[in-house]
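To start, the structure under review is shown below, and the notes come after it.
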Amino acid sequence: MTDIKVIGIDNGLTNYGDKDFARFLRRTFARSMGLSQDMLNKPIIGIAVTPSDFNSCHRGMDDLADAVSRGVLAAGALPRVFPTISLGEVFLNPTSMMFRNLMAMDTEEMVRAQPMDAVVLIGGCDKTVPAQLMGAVSAGLPAVQLVTGPMMTGRHKGQRLGACTDCRGFWGKYRAEEIDKEEIQQVEGRLSVTTGTCAVMGTASTMACIAEVLGMSLPGTAAIPAVHSARLLAAEESGKAAVALLQNPLKPADIITRESVENAFRLIMALGGSTNAIVHLTAIAGRLGIKVSMDRLNQISDETPVLVDLKPVGEGYMEDFYNAGGVGAVLRELKHLLHLDTKCIDGSTLRQRLEDPIEWVDRKVIRCFEDPVSKVGGLIALEGNLAPKGAIFKRAAATESLFETEGRAVVFENLQDLANRIDSPDLDVNADDVLVLKNAGPKAAGMPEAGYLPIPKKLARAGVKDMVRISDARMSGTAFGTIVLHIAPETAAGGPLAAVRNGDRIRLSVANKKIELLVSEEEIKQRLEDITPVIQPKRGYSALYQRSVLQADEGCDFDFLIDTK
Ligand code: FES
């Protein structure tokens, strides 16, 4: 535990060469906001908000900020709301992933530069929570994470719809010509019907649960729907918790430890959570020099059953998860596998939290340990000559009959090549082939969610629902299929994926946790020597990103931001 000096408005005075003048000047301008001297003498809680007309998932931000402010005031401190950039997943080009580190830097620098004693961070959409946690870790101030919460489901012809697993399901039907244009347009208006994050256990929901199990959010708050009154109460309590942190000064580094990170990896497995969460948690932990090896990840996965029956792995939606008991109910099932002395921002330990009995659990949604959805965890790391630094595979969302596959490679050199040829009637492809996408990794393309390669139209029309697909890209947390992702090193960093040619044989073995190119090592080496990685020169932030981004196994953080201890 570290000492925190509460300084309030005089924190980090602007440099004018005269401290007393800087203090006087700051207070003068603060008084222009109608703040009394009494208020200016209180501790200050910053409230980082991320509203944007380009971020539908954060539409309820103003109400949340008001409720946090109410909690801060009630606890005797002065709330100060400030903006950082916002990342609305589907509104960003080329991909929101490219801007996660920018938002993390924005958050870190604004928390550090402005006068505050603690901060409440309000995020929700996929990249925003990891960015805020990365920034908070590096800023080193006491911090509370509050999420906007998941959206509610819609209805179409009696069927429940939730963004965005059902977006993909219906788009697949449209591509296969099972539904027509009129119906897909009806569905478009019925998928995302309230504010909040995607309604399934996608990346945003997984990250919300991670923030809770890490101890950075208040217990029980991850899954509260965005439009539920309990979400506002959680916001008010988060404001109070930030003030309480001034008396019981826990910094993020006291809360995010190797043990709490392992708990978080375990929870991801039990949730059947998003593959993206592996990258983000790796980046958050990396800020503190914490690294969980692929072997340890696989050990955790093999020991931890999937307990939560939510889309994209199962049937339910986040509103069901909340009503079923939420993160607390899952953690109680995993108790014997968890590190229980980890701390929460409210000062309690996980052990104390789990000692309290839980009122009720809906076992249709959150299974008990002995009766899981699947006996092993949702995600595994793969190794092999195609992925010397690893790859990620979501076995819980894959087709079991494809777990042991050897197939012919059908190669797409980049995203444009994929777009140009995937639906071509002339494409030489069969259902038992392996689709390979190159040059979609962090340096080449910002690592977009392009790993969910569409099934070629002619195969989709013939009823093919799934194929083995491999790439250095990511995949949406709401997606599903037999898909190998995050291959590291990526094509553009000289990884062996660059050496794959049409017609090569590729072997996926989930049992052995291997992804292999069945070509001799000498041949692979020779092919790689003949290739010059294609990286277009960039300017501005893109250039910084391309130069400094690390590979997926290091969380795609920037090399100059990770802990170098
Ligand atoms: Fe924001 Fe899915 S688009 S959480």
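Each chain in the structure tokens gets a letter, A, B and so on, in the order shown; residues start at 1 in every chain, and ligands are counted from 1 in the order they appear.
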
Output the neighbourhood of ligand 1 as a count of residues only, that is, all protein and nucleic acid residues with some atom at most 10 Å from the ligand, counting only C-alpha atoms and all ligand atoms. 38

7 Å contact set for stretch 348-365 of chain A, only C-alpha atoms, chain neighbours under 4 positions out, as a ChimeraX atom specification: /A:308-309,316,320-321,324-325,329,332,340-344

Filtering to all heavy atoms, could you give me those residues as a tab-separated table (two decimals), in the first residue's frame?
chain	number	residue	atom	x	y	z
A	308	VAL	N	-20.75	-20.27	-18.15
A	308	VAL	CA	-21.76	-19.27	-18.48
A	308	VAL	C	-22.34	-19.55	-19.86
A	308	VAL	O	-21.60	-19.66	-20.83
A	308	VAL	CB	-21.12	-17.86	-18.42
A	308	VAL	CG1	-22.10	-16.81	-18.89
A	308	VAL	CG2	-20.65	-17.57	-17.01
A	309	ASP	N	-23.65	-19.67	-19.91
A	309	ASP	CA	-24.31	-20.05	-21.17
A	309	ASP	C	-24.84	-18.79	-21.87
A	309	ASP	O	-26.03	-18.52	-21.88
A	309	ASP	CB	-25.45	-21.03	-20.86
A	309	ASP	CG	-25.96	-21.69	-22.13
A	309	ASP	OD1	-25.44	-21.39	-23.21
A	309	ASP	OD2	-26.91	-22.50	-22.02
A	316	GLY	N	-27.75	-17.33	-23.93
A	316	GLY	CA	-28.31	-16.15	-23.27
A	316	GLY	C	-27.64	-14.84	-23.64
A	316	GLY	O	-26.73	-14.77	-24.48
A	320	ASP	N	-29.60	-11.53	-19.04
A	320	ASP	CA	-29.84	-12.80	-18.35
A	320	ASP	C	-28.72	-13.05	-17.33
A	320	ASP	O	-28.97	-13.55	-16.23
A	320	ASP	CB	-29.87	-13.97	-19.34
A	320	ASP	CG	-30.85	-13.74	-20.47
A	320	ASP	OD1	-31.94	-13.22	-20.19
A	320	ASP	OD2	-30.51	-14.05	-21.61
A	321	PHE	N	-27.49	-12.72	-17.74
A	321	PHE	CA	-26.34	-12.93	-16.86
A	321	PHE	C	-26.47	-12.09	-15.59
A	321	PHE	O	-26.23	-12.56	-14.48
A	321	PHE	CB	-25.06	-12.56	-17.63
A	321	PHE	CG	-23.77	-12.79	-16.88
A	321	PHE	CD1	-23.45	-14.04	-16.38
A	321	PHE	CD2	-22.87	-11.75	-16.68
A	321	PHE	CE1	-22.25	-14.26	-15.70
A	321	PHE	CE2	-21.67	-11.95	-16.01
A	321	PHE	CZ	-21.37	-13.21	-15.52
A	324	ALA	N	-29.08	-13.53	-13.44
A	324	ALA	CA	-28.72	-14.88	-12.97
A	324	ALA	C	-27.75	-14.84	-11.79
A	324	ALA	O	-27.55	-15.87	-11.13
A	324	ALA	CB	-28.08	-15.66	-14.11
A	325	GLY	N	-27.15	-13.69	-11.53
A	325	GLY	CA	-26.19	-13.61	-10.41
A	325	GLY	C	-24.88	-12.94	-10.77
A	325	GLY	O	-24.10	-12.60	-9.89
A	329	ALA	N	-21.59	-14.77	-8.93
A	329	ALA	CA	-22.04	-16.17	-8.93
A	329	ALA	C	-21.00	-17.06	-9.61
A	329	ALA	O	-20.76	-18.19	-9.16
A	329	ALA	CB	-23.38	-16.27	-9.66
A	332	ARG	N	-17.98	-17.60	-7.26
A	332	ARG	CA	-18.23	-18.56	-6.17
A	332	ARG	C	-18.01	-20.00	-6.65
A	332	ARG	O	-17.52	-20.84	-5.91
A	332	ARG	CB	-19.63	-18.36	-5.61
A	332	ARG	CG	-19.68	-17.22	-4.61
A	332	ARG	CD	-21.09	-16.82	-4.26
A	332	ARG	NE	-21.09	-15.77	-3.24
A	332	ARG	CZ	-20.91	-14.47	-3.50
A	332	ARG	NH1	-20.71	-14.07	-4.73
A	332	ARG	NH2	-20.92	-13.58	-2.53
A	340	LEU	N	-7.37	-15.81	-3.42
A	340	LEU	CA	-8.44	-15.15	-2.66
A	340	LEU	C	-7.97	-13.92	-1.87
A	340	LEU	O	-8.80	-13.20	-1.30
A	340	LEU	CB	-9.10	-16.16	-1.71
A	340	LEU	CG	-9.83	-17.30	-2.43
A	340	LEU	CD1	-10.31	-18.35	-1.44
A	340	LEU	CD2	-11.00	-16.76	-3.25
A	341	ASP	N	-6.66	-13.68	-1.83
A	341	ASP	CA	-6.20	-12.53	-1.05
A	341	ASP	C	-6.04	-11.27	-1.91
A	341	ASP	O	-5.50	-10.27	-1.46
A	341	ASP	CB	-4.86	-12.86	-0.37
A	341	ASP	CG	-5.07	-13.93	0.71
A	341	ASP	OD1	-6.13	-13.88	1.38
A	341	ASP	OD2	-4.22	-14.82	0.84
A	342	THR	N	-6.52	-11.34	-3.14
A	342	THR	CA	-6.44	-10.14	-3.99
A	342	THR	C	-7.42	-9.09	-3.44
A	342	THR	O	-8.42	-9.42	-2.80
A	342	THR	CB	-6.82	-10.48	-5.45
A	342	THR	OG1	-8.11	-11.09	-5.45
A	342	THR	CG2	-5.81	-11.43	-6.06
A	343	LYS	N	-7.09	-7.82	-3.74
A	343	LYS	CA	-7.87	-6.72	-3.14
A	343	LYS	C	-8.76	-6.06	-4.19
A	343	LYS	O	-8.47	-6.04	-5.38
A	343	LYS	CB	-6.92	-5.66	-2.61
A	343	LYS	CG	-6.07	-6.12	-1.44
A	343	LYS	CD	-5.42	-4.90	-0.79
A	343	LYS	CE	-4.40	-5.33	0.24
A	343	LYS	NZ	-3.04	-5.36	-0.29
A	344	CYS	N	-9.83	-5.45	-3.65
A	344	CYS	CA	-10.73	-4.66	-4.47
A	344	CYS	C	-10.56	-3.19	-4.08
A	344	CYS	O	-10.11	-2.89	-2.97
A	344	CYS	CB	-12.16	-5.13	-4.23
A	344	CYS	SG	-13.40	-4.15	-5.09

Where does DSSP see strand (DSSP E) in stretch 281-522 of chain A, if you list the residues as a count of residues only? 43

To one decimal in Å, tell me the separation between atom CA of A:Ala235 and atom CA of A:Pro43.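 Separation between atom CA of A:Ala235 and atom CA of A:Pro43: 18.7 Å.
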
Excluding A:Thr282 and any residue of its chain fewer than 4 positions from it, enumerate the residues within 12 Å of it, using only C-alpha atoms, and give them as a short mmCIF file (atom, residue, chain, number, x, y, z; two decimals) with N, CA, C and O atoms, in the first residue's frame.
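As written to disk, part06.cif reads:
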data_model
loop_
_atom_site.label_atom_id
_atom_site.label_comp_id
_atom_site.auth_asym_id
_atom_site.auth_seq_id
_atom_site.Cartn_x
_atom_site.Cartn_y
_atom_site.Cartn_z
N PRO A 130 -10.10 -1.26 -21.55
CA PRO A 130 -8.66 -1.54 -21.49
C PRO A 130 -7.81 -0.29 -21.58
O PRO A 130 -6.81 -0.16 -20.85
N LEU A 133 -7.88 1.41 -18.19
CA LEU A 133 -7.12 0.68 -17.17
C LEU A 133 -5.62 0.79 -17.42
O LEU A 133 -4.84 0.96 -16.48
N MET A 134 -5.21 0.71 -18.69
CA MET A 134 -3.79 0.87 -19.01
C MET A 134 -3.31 2.26 -18.58
O MET A 134 -2.26 2.41 -17.95
N ILE A 210 -13.73 -8.43 -16.34
CA ILE A 210 -12.31 -8.42 -15.95
C ILE A 210 -12.04 -7.28 -14.97
O ILE A 210 -11.35 -7.45 -13.96
N ILE A 256 -3.91 -4.58 -9.15
CA ILE A 256 -3.61 -5.44 -10.31
C ILE A 256 -2.26 -6.11 -10.05
O ILE A 256 -1.20 -5.50 -10.19
N ARG A 258 -0.02 -10.13 -10.05
CA ARG A 258 0.02 -11.41 -10.79
C ARG A 258 -1.18 -12.26 -10.43
O ARG A 258 -1.81 -12.89 -11.29
N VAL A 261 -4.43 -10.89 -11.89
CA VAL A 261 -4.40 -11.10 -13.35
C VAL A 261 -4.72 -12.57 -13.67
O VAL A 261 -5.49 -12.87 -14.59
N GLU A 262 -4.16 -13.49 -12.89
CA GLU A 262 -4.48 -14.91 -13.12
C GLU A 262 -5.97 -15.18 -12.86
O GLU A 262 -6.60 -15.95 -13.60
N ALA A 264 -8.27 -13.11 -13.39
CA ALA A 264 -8.98 -12.56 -14.55
C ALA A 264 -8.90 -13.51 -15.74
O ALA A 264 -9.91 -13.72 -16.43
N PHE A 265 -7.73 -14.08 -15.98
CA PHE A 265 -7.62 -15.07 -17.07
C PHE A 265 -8.57 -16.24 -16.81
O PHE A 265 -9.22 -16.75 -17.71
N THR A 275 -11.73 -13.37 -27.28
CA THR A 275 -10.30 -13.51 -27.58
C THR A 275 -9.57 -12.17 -27.41
O THR A 275 -8.42 -12.13 -26.99
N ASN A 276 -10.27 -11.08 -27.71
CA ASN A 276 -9.63 -9.77 -27.57
C ASN A 276 -9.22 -9.49 -26.13
O ASN A 276 -8.25 -8.77 -25.88
N ALA A 277 -9.96 -10.05 -25.20
CA ALA A 277 -9.66 -9.80 -23.78
C ALA A 277 -8.27 -10.31 -23.42
O ALA A 277 -7.61 -9.77 -22.52
N ILE A 278 -7.81 -11.34 -24.12
CA ILE A 278 -6.46 -11.87 -23.86
C ILE A 278 -5.42 -10.78 -24.20
O ILE A 278 -4.50 -10.52 -23.43
N GLY A 286 1.01 -5.96 -18.63
CA GLY A 286 2.34 -5.59 -19.11
C GLY A 286 2.78 -4.23 -18.60
O GLY A 286 3.98 -3.98 -18.43
N ARG A 287 1.82 -3.35 -18.33
CA ARG A 287 2.18 -2.04 -17.78
C ARG A 287 2.83 -2.18 -16.40
O ARG A 287 3.47 -1.26 -15.89
N LEU A 288 2.60 -3.32 -15.76
CA LEU A 288 3.18 -3.56 -14.43
C LEU A 288 4.26 -4.64 -14.48
O LEU A 288 4.69 -5.14 -13.43
N GLY A 289 4.67 -5.01 -15.68
CA GLY A 289 5.72 -6.03 -15.81
C GLY A 289 5.23 -7.43 -15.50
O GLY A 289 6.03 -8.33 -15.24
N ILE A 290 3.90 -7.65 -15.54
CA ILE A 290 3.35 -8.98 -15.24
C ILE A 290 3.10 -9.70 -16.56
O ILE A 290 2.41 -9.18 -17.44
N LYS A 291 3.66 -10.90 -16.69
CA LYS A 291 3.48 -11.67 -17.93
C LYS A 291 2.99 -13.07 -17.55
O LYS A 291 3.59 -13.73 -16.70
N VAL A 292 1.91 -13.50 -18.15
CA VAL A 292 1.41 -14.86 -17.94
C VAL A 292 1.75 -15.66 -19.20
O VAL A 292 1.37 -15.28 -20.30
N SER A 293 2.53 -16.73 -19.02
CA SER A 293 3.01 -17.48 -20.19
C SER A 293 1.88 -18.24 -20.87
O SER A 293 0.81 -18.47 -20.29
N MET A 294 2.15 -18.65 -22.12
CA MET A 294 1.14 -19.43 -22.86
C MET A 294 0.86 -20.75 -22.15
O MET A 294 -0.28 -21.21 -22.10
N LEU A 297 -1.40 -20.03 -19.32
CA LEU A 297 -2.74 -19.73 -19.86
C LEU A 297 -3.47 -21.03 -20.20
O LEU A 297 -4.64 -21.23 -19.84
N LEU A 550 3.82 -3.37 -30.32
CA LEU A 550 4.36 -4.70 -30.05
C LEU A 550 3.40 -5.75 -30.62
O LEU A 550 2.27 -5.44 -30.97
N GLN A 551 3.86 -6.98 -30.66
CA GLN A 551 3.04 -8.06 -31.21
C GLN A 551 1.95 -8.48 -30.21
O GLN A 551 1.96 -8.08 -29.04
N ALA A 552 1.03 -9.32 -30.69
CA ALA A 552 -0.13 -9.70 -29.88
C ALA A 552 0.27 -10.36 -28.56
O ALA A 552 -0.40 -10.18 -27.54
N ASP A 553 1.37 -11.12 -28.58
CA ASP A 553 1.76 -11.81 -27.34
C ASP A 553 2.21 -10.82 -26.27
O ASP A 553 2.33 -11.19 -25.10
N GLU A 554 2.45 -9.57 -26.65
CA GLU A 554 2.78 -8.54 -25.66
C GLU A 554 1.66 -7.51 -25.55
O GLU A 554 1.87 -6.38 -25.08
N GLY A 555 0.49 -7.88 -26.00
CA GLY A 555 -0.70 -7.05 -25.80
C GLY A 555 -0.85 -5.90 -26.77
O GLY A 555 -1.71 -5.05 -26.59
N CYS A 556 0.00 -5.84 -27.80
CA CYS A 556 -0.06 -4.75 -28.78
C CYS A 556 0.06 -3.38 -28.12
O CYS A 556 -0.49 -2.40 -28.62
N ASP A 557 0.75 -3.31 -27.00
CA ASP A 557 1.03 -2.01 -26.40
C ASP A 557 2.18 -1.37 -27.18
O ASP A 557 2.78 -2.00 -28.05
N ILE A 562 5.38 0.14 -22.00
CA ILE A 562 5.33 -1.01 -21.09
C ILE A 562 6.30 -0.81 -19.95
O ILE A 562 7.22 0.00 -20.02
#

Skipping near chain neighbours, those fewer than 4 positions away, what residues fall within 9 Å of A:Ala74 using only C-alpha atoms, listed as a PDB file with N, CA, C and O atoms, in the first residue's frame?
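Output contents, as saved in result_4.pdb:
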ATOM      1  N   SER A  69     -20.823  12.108  -9.727  1.00  0.00           N
ATOM      2  CA  SER A  69     -20.615  13.410  -9.061  1.00  0.00           C
ATOM      3  C   SER A  69     -21.412  13.474  -7.760  1.00  0.00           C
ATOM      4  O   SER A  69     -20.919  13.973  -6.737  1.00  0.00           O
ATOM      5  N   ARG A  70     -22.653  12.977  -7.820  1.00  0.00           N
ATOM      6  CA  ARG A  70     -23.510  12.968  -6.616  1.00  0.00           C
ATOM      7  C   ARG A  70     -22.831  12.181  -5.496  1.00  0.00           C
ATOM      8  O   ARG A  70     -22.786  12.614  -4.354  1.00  0.00           O
ATOM      9  N   GLY A 239     -18.520   6.821  -7.149  1.00  0.00           N
ATOM     10  CA  GLY A 239     -18.049   8.139  -6.712  1.00  0.00           C
ATOM     11  C   GLY A 239     -17.652   8.118  -5.247  1.00  0.00           C
ATOM     12  O   GLY A 239     -16.586   8.632  -4.862  1.00  0.00           O
ATOM     13  N   LYS A 240     -18.490   7.503  -4.425  1.00  0.00           N
ATOM     14  CA  LYS A 240     -18.165   7.408  -2.989  1.00  0.00           C
ATOM     15  C   LYS A 240     -16.901   6.577  -2.776  1.00  0.00           C
ATOM     16  O   LYS A 240     -16.061   6.896  -1.925  1.00  0.00           O
TER      17      LYS A 240
END

Enter the distance from atom CA of A:Asn414 to atom CA of A:Ile506, in Å, rounded to one decimal. 18.6 Å

Contacts of A:Ser520 at 12 Å (only C-alpha atoms; same-chain gap of 2+ positions) as a list of chain:residue names: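 Neighbouring residues, sequence-local ones excluded: A:Asn385, A:Leu386, A:Pro496, A:Ala499, A:Val500, A:Asp504, A:Arg505, A:Glu516, A:Leu517, A:Leu518, A:Glu522, A:Glu523, A:Ile524, A:Lys525, A:Gln526, A:Arg527.
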
Keeping N, CA, C and O atoms for every residue in the selection just given, could you write it to a file as a short mmCIF file (atom, residue, chain, number, x, y, z; two decimals), in the first residue's frame?
data_model
loop_
_atom_site.label_atom_id
_atom_site.label_comp_id
_atom_site.auth_asym_id
_atom_site.auth_seq_id
_atom_site.Cartn_x
_atom_site.Cartn_y
_atom_site.Cartn_z
N ASN A 385 5.11 -24.14 -35.79
CA ASN A 385 6.00 -23.41 -36.69
C ASN A 385 5.30 -22.27 -37.43
O ASN A 385 5.95 -21.40 -38.00
N LEU A 386 3.96 -22.21 -37.37
CA LEU A 386 3.26 -21.07 -37.97
C LEU A 386 3.12 -19.91 -37.00
O LEU A 386 2.79 -18.80 -37.38
N PRO A 496 6.31 -16.56 -39.84
CA PRO A 496 6.19 -17.64 -40.84
C PRO A 496 4.88 -17.65 -41.60
O PRO A 496 4.80 -18.26 -42.67
N ALA A 499 5.13 -17.03 -45.16
CA ALA A 499 5.67 -18.05 -46.07
C ALA A 499 4.60 -18.96 -46.67
O ALA A 499 4.89 -19.73 -47.59
N VAL A 500 3.37 -18.87 -46.16
CA VAL A 500 2.33 -19.82 -46.63
C VAL A 500 1.95 -19.52 -48.08
O VAL A 500 1.75 -18.36 -48.45
N ASP A 504 -0.33 -25.28 -49.92
CA ASP A 504 0.39 -25.86 -48.78
C ASP A 504 -0.59 -26.58 -47.87
O ASP A 504 -1.77 -26.22 -47.81
N ARG A 505 -0.09 -27.54 -47.12
CA ARG A 505 -0.95 -28.22 -46.13
C ARG A 505 -0.75 -27.56 -44.77
O ARG A 505 0.38 -27.23 -44.37
N GLU A 516 0.34 -25.75 -37.47
CA GLU A 516 1.59 -26.04 -38.18
C GLU A 516 1.42 -25.95 -39.70
O GLU A 516 0.39 -26.35 -40.25
N LEU A 517 2.48 -25.46 -40.31
CA LEU A 517 2.59 -25.45 -41.77
C LEU A 517 3.41 -26.68 -42.14
O LEU A 517 4.56 -26.81 -41.69
N LEU A 518 2.82 -27.57 -42.94
CA LEU A 518 3.50 -28.84 -43.24
C LEU A 518 4.46 -28.66 -44.42
O LEU A 518 4.30 -29.28 -45.48
N GLU A 522 13.60 -25.73 -43.77
CA GLU A 522 14.51 -25.07 -44.74
C GLU A 522 13.71 -24.31 -45.79
O GLU A 522 14.06 -23.18 -46.15
N GLU A 523 12.64 -24.94 -46.24
CA GLU A 523 11.82 -24.30 -47.27
C GLU A 523 11.16 -23.02 -46.72
O GLU A 523 11.13 -21.99 -47.39
N ILE A 524 10.67 -23.11 -45.48
CA ILE A 524 10.04 -21.92 -44.88
C ILE A 524 11.07 -20.80 -44.76
O ILE A 524 10.81 -19.65 -45.12
N LYS A 525 12.28 -21.17 -44.30
CA LYS A 525 13.34 -20.17 -44.13
C LYS A 525 13.67 -19.53 -45.48
O LYS A 525 13.78 -18.30 -45.59
N GLN A 526 13.80 -20.36 -46.50
CA GLN A 526 14.13 -19.85 -47.83
C GLN A 526 13.04 -18.90 -48.34
O GLN A 526 13.31 -17.81 -48.83
N ARG A 527 11.77 -19.32 -48.15
CA ARG A 527 10.66 -18.47 -48.62
C ARG A 527 10.67 -17.12 -47.89
O ARG A 527 10.45 -16.07 -48.50
#

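If you measure from each of A:Val213, A:Glu406, A:Gly17, A:Lys311 to A:Lys335 using only C-alpha atoms, the closest one turns out to be A:Val213.
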
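Nearest to A:Ile268 of all the residues A:Arg175, A:Arg112, A:Lys394, A:Arg23 is A:Lys394, based on only C-alpha atoms.
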
With distances taken over only C-alpha atoms, which residue among A:Arg155, A:Arg539, A:Arg80, A:Lys438 lies nearest A:Asp417?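 So, comparing all the options, the nearest one is A:Lys438.
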
Just the residues within 9 Å of A:Glu303, please, counting only C-alpha atoms, with nothing from its chain fewer than 5 positions along; format it as a list of chain:residue names. A:Arg266, A:Asn298, A:Leu337, A:Lys375, A:Val376, A:Gly377
